file entry.cif (mmCIF, C-alpha atoms)
data_input
#
loop_
_atom_site.label_atom_id
_atom_site.label_comp_id
_atom_site.auth_asym_id
_atom_site.auth_seq_id
_atom_site.Cartn_x
_atom_site.Cartn_y
_atom_site.Cartn_z
CA MET A 1 -7.98 35.94 8.71
CA GLN A 2 -8.82 33.42 11.40
CA LYS A 3 -6.01 32.13 13.60
CA ASN A 4 -6.31 28.58 12.32
CA THR A 5 -6.05 29.73 8.70
CA GLN A 6 -2.97 31.76 9.55
CA GLU A 7 -1.34 28.76 11.19
CA LEU A 8 -2.26 26.58 8.25
CA GLU A 9 -0.81 29.08 5.82
CA HIS A 10 2.37 29.25 7.86
CA PHE A 11 2.65 25.47 7.85
CA LEU A 12 2.07 25.18 4.10
CA ALA A 13 4.56 27.96 3.36
CA GLY A 14 7.14 26.06 5.37
CA VAL A 15 6.62 22.71 3.73
CA GLU A 16 5.72 23.47 0.12
CA ARG A 17 9.20 23.85 -1.39
CA ARG A 18 10.55 20.63 0.05
CA ALA A 19 7.36 18.88 -0.96
CA LEU A 20 7.83 20.15 -4.50
CA GLN A 21 11.42 18.97 -4.63
CA MET A 22 10.53 15.51 -3.29
CA THR A 23 7.75 15.22 -5.83
CA ARG A 24 9.97 16.40 -8.65
CA ILE A 25 12.44 13.67 -7.81
CA ALA A 26 9.59 11.14 -7.80
CA THR A 27 7.97 12.22 -11.06
CA SER A 28 10.85 13.83 -13.00
CA SER A 29 8.38 16.48 -14.07
CA ASN A 30 8.09 19.98 -12.68
CA GLU A 31 4.51 20.41 -13.94
CA GLU A 32 3.29 17.13 -12.54
CA ALA A 33 5.02 17.86 -9.26
CA LEU A 34 3.34 21.26 -8.95
CA ASP A 35 -0.08 19.72 -9.60
CA ILE A 36 0.49 16.97 -7.07
CA VAL A 37 1.67 19.37 -4.38
CA GLN A 38 -1.31 21.64 -5.00
CA GLU A 39 -3.70 18.68 -4.71
CA ALA A 40 -2.06 17.64 -1.46
CA MET A 41 -2.39 21.14 -0.02
CA MET A 42 -6.04 21.36 -1.01
CA THR A 43 -6.80 17.98 0.53
CA LEU A 44 -5.11 18.92 3.77
CA VAL A 45 -7.01 22.20 3.99
CA LYS A 46 -10.39 20.72 3.07
CA ARG A 47 -10.26 17.72 5.34
CA TYR A 48 -7.91 18.49 8.19
CA ALA A 49 -7.81 22.24 8.71
CA GLN A 50 -9.62 21.89 12.02
CA ARG A 51 -7.20 19.32 13.42
CA ASP A 52 -4.46 20.20 15.88
CA GLY A 53 -1.51 21.76 14.06
CA ARG A 54 0.83 19.03 15.31
CA GLU A 55 -1.09 16.54 13.19
CA TRP A 56 -0.59 18.48 9.96
CA PRO A 57 2.99 17.33 9.14
CA PRO A 58 2.29 13.56 9.21
CA LEU A 59 -1.07 14.09 7.54
CA PHE A 60 0.44 16.20 4.79
CA HIS A 61 3.20 13.68 4.16
CA ARG A 62 0.65 10.90 4.01
CA ILE A 63 -1.51 12.80 1.56
CA LEU A 64 1.49 13.69 -0.60
CA GLN A 65 2.74 10.11 -0.69
CA ASN A 66 -0.72 8.91 -1.67
CA ARG A 67 -0.86 11.42 -4.49
CA ILE A 68 2.58 10.40 -5.76
CA ARG A 69 1.58 6.77 -5.67
CA ASP A 70 -1.68 7.55 -7.51
CA TRP A 71 0.33 9.38 -10.18
CA TYR A 72 2.53 6.35 -10.67
CA ARG A 73 -0.49 4.09 -10.98
CA ARG A 74 -2.08 6.38 -13.56
CA GLN A 75 1.15 6.39 -15.52
CA ALA A 76 1.21 2.59 -15.46
CA VAL A 77 -2.37 2.39 -16.68
CA GLN A 78 -1.73 4.91 -19.45
CA ARG A 79 1.32 2.98 -20.52
CA LYS A 80 -0.60 -0.24 -20.71
CA LEU A 81 -3.50 1.32 -22.55
CA PHE A 82 -1.68 3.53 -24.96
CA GLY A 83 1.87 2.25 -24.93
CA TRP A 84 3.22 5.73 -25.46
CA PHE A 85 5.17 6.03 -22.23
CA PRO A 86 8.74 6.70 -23.32
CA LEU A 87 11.13 3.86 -22.81
CA VAL A 88 13.91 4.77 -20.46
CA ASN A 89 17.45 3.85 -21.29
CA ASN A 90 19.95 3.04 -18.66
CA ASP A 91 23.62 3.69 -19.16
CA ASP A 92 24.02 0.49 -21.14
CA GLY A 93 21.35 1.63 -23.60
CA GLU A 94 18.93 -1.12 -22.67
CA ALA A 95 15.32 -0.12 -22.75
CA GLN A 96 13.64 -0.14 -19.36
CA GLU A 97 9.94 0.11 -18.90
CA GLU A 98 10.20 0.22 -15.13
CA MET A 99 7.95 3.08 -14.15
CA GLU A 100 9.77 3.35 -10.88
CA SER A 101 13.16 3.75 -12.51
CA VAL A 102 12.49 6.81 -14.61
CA ALA A 103 15.75 8.43 -15.56
CA ALA A 104 15.73 12.10 -15.03
CA ALA A 105 16.79 15.30 -16.48
CA SER A 106 17.93 17.48 -13.69
CA THR A 107 15.01 19.21 -12.07
CA CYS A 108 17.14 21.42 -9.89
CA GLU A 109 19.13 24.16 -11.45
CA PRO A 110 21.30 25.86 -8.94
CA ALA A 111 23.04 28.64 -10.51
CA HIS A 112 26.31 28.61 -11.04
CA GLN A 113 29.29 26.47 -10.62
CA LEU A 114 29.85 23.45 -12.81
CA SER A 115 30.90 21.31 -9.87
CA ASN A 116 27.74 22.15 -7.91
CA GLN A 117 25.61 21.39 -10.94
CA ARG A 118 27.41 18.13 -11.46
CA MET A 119 26.98 17.11 -7.83
CA THR A 120 23.30 17.97 -7.95
CA ASP A 121 22.79 16.06 -11.16
CA GLU A 122 24.55 13.04 -9.75
CA LEU A 123 22.48 13.04 -6.60
CA GLU A 124 19.19 13.52 -8.42
CA LYS A 125 20.03 10.87 -10.96
CA ALA A 126 20.91 8.41 -8.21
CA LEU A 127 17.71 9.17 -6.28
CA GLN A 128 15.52 8.98 -9.37
CA ALA A 129 16.99 5.61 -10.27
CA LEU A 130 15.66 4.15 -7.03
CA PRO A 131 12.29 2.38 -6.95
CA LEU A 132 9.63 4.75 -5.64
CA ARG A 133 9.31 3.35 -2.15
CA GLN A 134 13.03 3.21 -1.57
CA GLN A 135 13.38 6.74 -2.90
CA GLN A 136 10.62 8.25 -0.80
CA THR A 137 11.61 6.31 2.32
CA PHE A 138 15.13 7.63 2.01
CA LEU A 139 13.98 11.22 1.49
CA LEU A 140 11.52 11.11 4.37
CA ARG A 141 14.06 9.57 6.75
CA VAL A 142 17.19 11.50 5.79
CA TRP A 143 15.88 14.78 4.43
CA GLU A 144 12.62 15.29 6.31
CA GLY A 145 14.04 13.69 9.44
CA LEU A 146 11.07 11.43 10.11
CA ASN A 147 11.70 8.42 12.31
CA VAL A 148 10.74 4.89 11.29
CA ALA A 149 7.24 5.03 12.77
CA GLU A 150 6.49 8.44 11.26
CA THR A 151 7.76 7.31 7.87
CA ALA A 152 5.63 4.17 8.07
CA LYS A 153 2.56 6.26 8.80
CA ALA A 154 3.33 8.69 5.99
CA MET A 155 3.76 5.93 3.45
CA GLY A 156 1.05 3.62 4.69
CA ILE A 157 3.43 0.71 5.16
CA SER A 158 4.79 -1.24 8.11
CA SER A 159 7.85 -0.22 10.12
CA GLY A 160 9.59 -3.35 8.92
CA SER A 161 9.00 -2.35 5.32
CA VAL A 162 10.40 1.10 6.03
CA LYS A 163 13.61 -0.41 7.36
CA THR A 164 13.90 -2.73 4.38
CA HIS A 165 13.31 -0.02 1.79
CA PHE A 166 15.67 2.34 3.59
CA SER A 167 18.55 -0.09 3.84
CA ARG A 168 18.19 -1.03 0.17
CA ALA A 169 18.13 2.64 -0.79
CA VAL A 170 21.26 3.37 1.18
CA HIS A 171 23.03 0.42 -0.40
CA SER A 172 22.09 1.52 -3.93
CA LEU A 173 23.04 5.13 -3.30
CA ARG A 174 26.35 4.11 -1.85
CA GLU A 175 27.08 2.16 -5.03
CA SER A 176 25.95 5.06 -7.26
CA LEU A 177 27.48 8.00 -5.45
CA GLY A 178 30.47 6.61 -3.67
CA ASP A 179 32.03 9.22 -1.48
CA TYR A 180 29.65 12.19 -1.82
CA ARG A 181 30.77 15.64 -0.83
CA TYR A 182 28.95 18.96 -0.66
CA GLU A 183 30.91 21.90 -2.00
CA MET B 1 33.11 0.62 4.69
CA ASN B 2 29.63 -0.68 5.31
CA ASP B 3 26.35 1.01 4.39
CA ASP B 4 25.73 2.48 7.85
CA LYS B 5 29.15 4.07 7.95
CA TRP B 6 28.70 5.41 4.43
CA LEU B 7 25.41 6.98 5.46
CA GLN B 8 26.92 8.55 8.56
CA GLN B 9 29.67 10.11 6.48
CA ASN B 10 27.55 11.29 3.59
CA GLN B 11 24.04 12.09 4.77
CA ASP B 12 24.89 15.65 5.76
CA ALA B 13 26.25 16.35 2.31
CA ILE B 14 23.17 14.84 0.71
CA ARG B 15 20.90 16.87 2.94
CA LYS B 16 22.75 20.08 2.17
CA ARG B 17 22.57 19.44 -1.55
CA LEU B 18 18.82 18.87 -1.38
CA ASP B 19 18.43 22.00 0.75
CA ALA B 20 20.41 23.94 -1.82
CA CYS B 21 18.02 22.82 -4.55
CA VAL B 22 15.14 24.19 -2.51
CA ASP B 23 16.90 27.45 -1.67
CA GLU B 24 17.74 28.00 -5.33
CA MET B 25 14.26 27.27 -6.63
CA ASP B 26 13.38 29.67 -9.40
CA ALA B 27 10.97 32.56 -9.05
CA ALA B 28 8.37 31.08 -11.38
CA ASP B 29 8.05 27.93 -9.30
CA LEU B 30 7.92 29.90 -6.07
CA PHE B 31 5.14 32.02 -7.51
CA ARG B 32 3.16 28.96 -8.55
CA LEU B 33 3.60 27.42 -5.13
CA ARG B 34 2.30 30.60 -3.54
CA GLN B 35 -0.68 30.54 -5.89
CA ALA B 36 -1.37 26.89 -5.11
CA ARG B 37 -1.19 27.59 -1.40
CA GLN B 38 -3.61 30.49 -1.67
CA GLN B 39 -6.05 28.46 -3.77
CA ALA B 40 -5.92 25.67 -1.21
CA LEU B 41 -6.66 28.08 1.63
CA ASP B 42 -9.45 29.72 -0.35
CA SER B 43 -10.98 26.34 -1.14
CA GLY B 44 -11.05 25.54 2.55
CA SER B 45 -13.28 28.50 3.23
CA ARG B 46 -15.69 27.44 0.50
CA LYS B 47 -16.12 23.92 1.75
CA THR B 48 -18.36 21.80 -0.44
CA GLY B 49 -18.06 18.33 0.94
CA PHE B 50 -19.57 15.29 -0.59
CA GLY B 51 -22.56 15.50 1.71
CA ARG B 52 -23.35 19.10 0.95
CA LYS B 53 -23.05 18.63 -2.79
CA PHE B 54 -25.56 15.86 -2.94
CA ALA B 55 -27.79 16.50 0.06
CA LEU B 56 -30.03 19.05 -1.65
CA PRO B 57 -30.78 17.06 -4.83
CA VAL B 58 -31.32 13.90 -2.82
CA VAL B 59 -33.67 15.64 -0.40
CA ALA B 60 -35.56 17.16 -3.30
CA ALA B 61 -35.88 13.79 -5.00
CA SER B 62 -37.02 12.23 -1.74
CA LEU B 63 -39.68 14.88 -1.30
CA VAL B 64 -41.00 14.32 -4.80
CA LEU B 65 -41.12 10.60 -4.17
CA VAL B 66 -42.94 11.02 -0.89
CA ILE B 67 -45.45 13.37 -2.45
CA LEU B 68 -46.10 11.01 -5.32
CA LEU B 69 -46.44 8.00 -3.07
CA GLY B 70 -48.41 9.96 -0.51
CA ARG B 71 -51.25 10.77 -2.87
CA GLY B 72 -53.21 7.70 -1.90
CA PHE B 73 -56.77 6.65 -2.65
CA ASP B 74 -58.91 4.21 -0.76
CA ASN B 75 -60.53 1.26 -2.51
CA ASN B 76 -63.58 3.27 -3.42
CA GLY B 77 -61.52 5.84 -5.27
CA LEU B 78 -61.91 8.47 -2.61
CA ASP B 79 -59.00 10.79 -2.18
CA LEU B 80 -57.46 10.20 1.19
CA GLN B 81 -55.26 13.25 0.84
CA PRO B 82 -56.65 15.23 3.76
CA GLU B 83 -56.11 12.30 6.15
CA LEU B 84 -52.65 11.62 4.75
CA ASN B 85 -51.42 15.21 4.93
CA GLY B 86 -50.42 14.96 8.55
CA GLN B 87 -48.59 11.69 8.03
CA GLN B 88 -46.97 13.02 4.88
CA ASN B 89 -45.59 16.05 6.68
CA ASN B 90 -44.08 13.83 9.33
CA VAL B 91 -42.51 11.60 6.70
CA ILE B 92 -41.10 14.56 4.78
CA ALA B 93 -39.61 16.03 7.94
CA ALA B 94 -38.14 12.66 8.91
CA LEU B 95 -36.64 12.17 5.46
CA ALA B 96 -35.09 15.61 5.54
CA ASP B 97 -33.55 14.83 8.92
CA VAL B 98 -32.24 11.51 7.67
CA GLU B 99 -30.65 13.19 4.65
CA LEU B 100 -28.96 15.79 6.79
CA LEU B 101 -27.64 13.17 9.16
CA ALA B 102 -26.43 11.00 6.29
CA ALA B 103 -24.70 13.96 4.66
CA GLN B 104 -22.93 14.83 7.89
CA GLU B 105 -21.85 11.25 8.42
CA GLN B 106 -20.48 11.02 4.89
CA THR B 107 -18.51 14.22 5.31
CA GLU B 108 -17.09 13.10 8.63
CA PHE B 109 -16.33 9.67 7.24
CA TYR B 110 -14.26 11.04 4.38
CA GLU B 111 -12.60 13.51 6.68
CA ASN B 112 -11.49 10.70 8.96
CA LEU B 113 -10.64 8.17 6.27
CA ASP B 114 -6.90 8.66 6.53
CA PHE B 115 -7.10 8.28 10.28
CA TYR B 116 -9.08 5.03 9.94
CA GLU B 117 -6.49 3.69 7.53
CA TRP B 118 -3.67 4.56 9.92
CA LEU B 119 -5.58 3.02 12.80
CA ALA B 120 -6.05 -0.22 10.85
CA LEU B 121 -2.35 -0.26 10.16
CA GLU B 122 -1.50 0.27 13.80
CA GLN B 123 -3.72 -2.63 14.80
CA ASN B 124 -2.34 -4.92 12.09
CA PRO B 125 1.21 -3.75 11.58
CA GLU B 126 2.21 -6.64 9.34
CA LYS B 127 -0.59 -5.99 6.90
CA GLY B 128 -1.13 -3.10 4.57
CA MET B 129 -4.37 -1.28 4.02
CA ASN B 130 -5.60 -3.94 1.64
CA GLY B 131 -4.95 -6.67 4.15
CA GLN B 132 -1.94 -8.03 2.31
CA VAL B 133 1.35 -8.53 4.04
CA ASN B 134 3.86 -5.88 3.14
CA GLY B 135 7.37 -6.78 2.23
#

call {"tool": "encode", "arguments": {"input": "entry.cif", "output": "C-alpha cells"}}
result
Amino acid sequence: MQKNTQELEHFLAGVERRALQMTRIATSSNEEALDIVQEAMMTLVKRYAQRDGREWPPLFHRILQNRIRDWYRRQAVQRKLFGWFPLVNNDDGEAQEEMESVAAASTCEPAHQLSNQRMTDELEKALQALPLRQQQTFLLRVWEGLNVAETAKAMGISSGSVKTHFSRAVHSLRESLGDYRYE
Amino acid sequence: MNDDKWLQQNQDAIRKRLDACVDEMDAADLFRLRQARQQALDSGSRKTGFGRKFALPVVAASLVLVILLGRGFDNNGLDLQPELNGQQNNVIAALADVELLAAQEQTEFYENLDFYEWLALEQNPEKGMNGQVNG
C-alpha cells in the first residue's frame, strides 16, 4: 500500500466515528448518516488524496457539511413534492414542519446507566432542536475544536456568520440544558 | 450567569458526553464505517474522473465527424480524398490532443472546485458562494 494511501486511511479511521455522530445528530437517521459519511470519504479520496495531509481535515469537514446541507435540501424538495415528510411535534404538541428542527429519537445508545442515557438523550435532543447551521457550528467549534476561521471555511460561510450562529446555539442550549453535568 | 460563563462551565461535560457516544458506538456501525472507508480507498485507486469517462466517446465521435466531413469532392465530382488525407490526419491528431487537454482540465477543475469556492469566500468575506450576503 502506498504511503499516501496509508496516511489517508489513518486519517479517515481517526475521523469517521465523530463524523458519523455529527451527521446522526444532523439527520436523526443512522442509515442516512452512514451514507453521507461514506460519500464524504469517497469524495475526499477521489479529489484530494494527493493533497498535503494537513489539508485533509478542513477539506473533509467542508465536504461533510456540504453533504449534510444537500441532504436537507433534498428532504425539503421531497416534502414539497410529496408532502409525506412526517410532521414533528414539539413538547406542546404543535406540528412543526421545520426541516431544521427535526426532533430526534436518541441515536446514541451508551450502555448502561439510566442517568447516562438520560443525559445523552437530553443533550442530543437539545442539539437536534437547533437549526442546522447553529447545530453544526456549535459541534465544529466545541467538539471538533475548530476556530472561527476554520469553521467558516468548513461551512462555507463568513466568520461573522459563524459567530452569530454559535452565540445563538449557546443561548438555546443554555436554556434547554441548564446546568449540564457529565457523570 | 451569562452565555459565555455557561459555556465555560459546561462545554467539557458536553464534549465528554459526545465522546462517550462515539466510544460506545455499536459493532455494526463500526463495521459499516470500516467498509465505507475501504470502499472509499478502493475507489481512489480506480479513478474515473469526469474527463476520463467521457473523453473516449467524445474523441470517437469527433473522429467520425472528421472522417465524414473530410470526404470531400471538388466541383467536378472528383474525389479529393488522396489530397485531403494528409490534412485529415493532422485534424484528427489535433482533435485528439484537444480532447485530452479538455478532459484533463475538467478533471483538475472539479478537483479544485472546493478550493476555488473557498478562495472566493476569502476574497469576499461578507458574501457567500452565491454572491449573497450571509447573515

call {"tool": "resolve_selection", "arguments": {"input": "entry.cif", "expression": "the PyMOL selection byres ((chain B and resi 5) around 12)", "output": "mmCIF file with C-alpha atoms, in the frame of the given file"}}
result
data_model
loop_
_atom_site.group_PDB
_atom_site.id
_atom_site.type_symbol
_atom_site.label_atom_id
_atom_site.label_comp_id
_atom_site.auth_asym_id
_atom_site.auth_seq_id
_atom_site.Cartn_x
_atom_site.Cartn_y
_atom_site.Cartn_z
ATOM 1 C CA VAL A 170 21.260 3.370 1.180
ATOM 2 C CA HIS A 171 23.030 0.420 -0.400
ATOM 3 C CA ARG A 174 26.350 4.110 -1.850
ATOM 4 C CA GLY A 178 30.470 6.610 -3.670
ATOM 5 C CA ASP A 179 32.030 9.220 -1.480
ATOM 6 C CA MET B 1 33.110 0.620 4.690
ATOM 7 C CA ASN B 2 29.630 -0.680 5.310
ATOM 8 C CA ASP B 3 26.350 1.010 4.390
ATOM 9 C CA ASP B 4 25.730 2.480 7.850
ATOM 10 C CA TRP B 6 28.700 5.410 4.430
ATOM 11 C CA LEU B 7 25.410 6.980 5.460
ATOM 12 C CA GLN B 8 26.920 8.550 8.560
ATOM 13 C CA GLN B 9 29.670 10.110 6.480
ATOM 14 C CA ASN B 10 27.550 11.290 3.590
ATOM 15 C CA GLN B 11 24.040 12.090 4.770
#

call {"tool": "atom_distance", "arguments": {"input": "entry.cif", "atom1": "CA of Pro58 (chain A)", "atom2": "CA of Ala154 (chain A)"}}
result
5.9 Å

call {"tool": "atom_distance", "arguments": {"input": "entry.cif", "atom1": "CA of Gln75 (chain A)", "atom2": "CA of Glu39 (chain A)"}}
result
17.1 Å

call {"tool": "atom_distance", "arguments": {"input": "entry.cif", "atom1": "CA of Gln39 (chain B)", "atom2": "CA of Gln6 (chain A)"}}
result
14.1 Å

call {"tool": "residues_around", "arguments": {"input": "entry.cif", "residues": "region 128-144 of chain A", "least_positions_apart": "3", "cutoff": "9 Å", "atoms": "only C-alpha atoms", "output": "PDB file with C-alpha atoms, in the frame of the given file"}}
result
ATOM      1  CA  ARG A  18      10.550  20.630   0.050  1.00  0.00           C
ATOM      2  CA  MET A  22      10.530  15.510  -3.290  1.00  0.00           C
ATOM      3  CA  ILE A  25      12.440  13.670  -7.810  1.00  0.00           C
ATOM      4  CA  ALA A  26       9.590  11.140  -7.800  1.00  0.00           C
ATOM      5  CA  THR A  27       7.970  12.220 -11.060  1.00  0.00           C
ATOM      6  CA  SER A  28      10.850  13.830 -13.000  1.00  0.00           C
ATOM      7  CA  HIS A  61       3.200  13.680   4.160  1.00  0.00           C
ATOM      8  CA  GLN A  65       2.740  10.110  -0.690  1.00  0.00           C
ATOM      9  CA  ARG A  69       1.580   6.770  -5.670  1.00  0.00           C
ATOM     10  CA  TYR A  72       2.530   6.350 -10.670  1.00  0.00           C
ATOM     11  CA  GLU A  98      10.200   0.220 -15.130  1.00  0.00           C
ATOM     12  CA  MET A  99       7.950   3.080 -14.150  1.00  0.00           C
ATOM     13  CA  GLU A 100       9.770   3.350 -10.880  1.00  0.00           C
ATOM     14  CA  SER A 101      13.160   3.750 -12.510  1.00  0.00           C
ATOM     15  CA  VAL A 102      12.490   6.810 -14.610  1.00  0.00           C
ATOM     16  CA  ALA A 103      15.750   8.430 -15.560  1.00  0.00           C
ATOM     17  CA  ALA A 104      15.730  12.100 -15.030  1.00  0.00           C
ATOM     18  CA  LEU A 123      22.480  13.040  -6.600  1.00  0.00           C
ATOM     19  CA  GLU A 124      19.190  13.520  -8.420  1.00  0.00           C
ATOM     20  CA  LYS A 125      20.030  10.870 -10.960  1.00  0.00           C
ATOM     21  CA  ASN A 147      11.700   8.420  12.310  1.00  0.00           C
ATOM     22  CA  VAL A 148      10.740   4.890  11.290  1.00  0.00           C
ATOM     23  CA  GLU A 150       6.490   8.440  11.260  1.00  0.00           C
ATOM     24  CA  THR A 151       7.760   7.310   7.870  1.00  0.00           C
ATOM     25  CA  ALA A 152       5.630   4.170   8.070  1.00  0.00           C
ATOM     26  CA  ALA A 154       3.330   8.690   5.990  1.00  0.00           C
ATOM     27  CA  MET A 155       3.760   5.930   3.450  1.00  0.00           C
ATOM     28  CA  VAL A 162      10.400   1.100   6.030  1.00  0.00           C
ATOM     29  CA  LYS A 163      13.610  -0.410   7.360  1.00  0.00           C
ATOM     30  CA  THR A 164      13.900  -2.730   4.380  1.00  0.00           C
ATOM     31  CA  HIS A 165      13.310  -0.020   1.790  1.00  0.00           C
ATOM     32  CA  PHE A 166      15.670   2.340   3.590  1.00  0.00           C
ATOM     33  CA  SER A 167      18.550  -0.090   3.840  1.00  0.00           C
ATOM     34  CA  ARG A 168      18.190  -1.030   0.170  1.00  0.00           C
ATOM     35  CA  ALA A 169      18.130   2.640  -0.790  1.00  0.00           C
ATOM     36  CA  VAL A 170      21.260   3.370   1.180  1.00  0.00           C
ATOM     37  CA  SER A 172      22.090   1.520  -3.930  1.00  0.00           C
ATOM     38  CA  LEU A 173      23.040   5.130  -3.300  1.00  0.00           C
TER      39      LEU A 173
ATOM     40  CA  GLN B  11      24.040  12.090   4.770  1.00  0.00           C
ATOM     41  CA  ASP B  12      24.890  15.650   5.760  1.00  0.00           C
ATOM     42  CA  ILE B  14      23.170  14.840   0.710  1.00  0.00           C
ATOM     43  CA  ARG B  15      20.900  16.870   2.940  1.00  0.00           C
ATOM     44  CA  LYS B  16      22.750  20.080   2.170  1.00  0.00           C
ATOM     45  CA  LEU B  18      18.820  18.870  -1.380  1.00  0.00           C
ATOM     46  CA  ASP B  19      18.430  22.000   0.750  1.00  0.00           C
TER      47      ASP B  19
END
